[in-house]
Amino acid sequence: MSADDHQEITKLMSRFARGIDLRDWDMYRSVFTDDIEIDYTSYRAGNGGPFKADDWVQRGRMLFPGLAASQHFLSNLDITVDGDSGTVISYVRAEHVLPNTAGDAMFTIGGYYTDSLRRVDGEWKICKKQLTVLWNSGNPQILDMARERAAALLAA
């Protein structure tokens, strides 16, 4: 693996986190191949499968704008490259914030991502993303409340 590959893959992972946390949907979409495989079933059963990247990004648009804030912290990136394919395993701590009257304003997920990468037209992209949840804390209802709030915001 070249130093350039390592740097570009590290930037890719940063754009993933920034894109979703800043609600920059163009940036978020730019990290994925056109067709992606998602496996978030360790968080929620049935939350996985093949997706068009545009559809996956739309799912994010139906949740994250309903939060007051989110921050995805990625660390300990373990990057391997074999030609035009690669893998990144990274720790994730995802903070989700939504003040509410039903309990804690925060819900945190801790675990790791396993991302499969492919070089497309000279640029690294995520073609498969798996979340393995190791722990969570706070108010898990926040994500359901955020979906309802996002739907109301989109309807307005």
# chains A, B, ... in the order shown; residues from 1 in each chain; ligands from 1
>>> residues_around(residues="segment 37-42 of chain A", least_positions_apart="5", cutoff="6 Å", atoms="only C-alpha atoms", output="list in words")
Asn47, Gly48, Gly49, Pro50, Lys128, Lys129, Gln130, Leu131, Thr132 and Val133 of chain A
>>> residues_around(residues="Ala68 of chain A", least_positions_apart="6", cutoff="9 Å", atoms="only C-alpha atoms", output="NGL selection string")
:A and (96-99 or 146)
>>> atom_distance(atom1="atom CA of Gly66 of chain A", atom2="atom CA of Trp124 of chain A")
29.9 Å
>>> select_by_dssp(residues="segment 9-133 of chain A", states="alpha helix (DSSP H)", output="list of chain:residue names")
A:Ile9, A:Thr10, A:Lys11, A:Leu12, A:Met13, A:Ser14, A:Arg15, A:Phe16, A:Ala17, A:Arg18, A:Gly19, A:Ile20, A:Asp21, A:Trp25, A:Asp26, A:Met27, A:Tyr28, A:Arg29, A:Ser30, A:Ala53, A:Asp54, A:Asp55, A:Trp56, A:Val57, A:Gln58, A:Arg59, A:Gly60, A:Arg61
>>> atom_distance(atom1="atom CA of Leu22 of chain A", atom2="atom CA of Val120 of chain A")
24.8 Å
>>> residues_around(residues="segment 57-63 of chain A", least_positions_apart="4", cutoff="12 Å", atoms="only C-alpha atoms", output="PyMOL selection string")
chain A and resi 16+19-36+38+47-48+51-53+67-70+96-98+142-155
>>> closest_residue(among="A:Thr101, A:Ser116, A:Ser14, A:Asn136", to="Asp82 of chain A", atoms="only C-alpha atoms")
A:Ser116
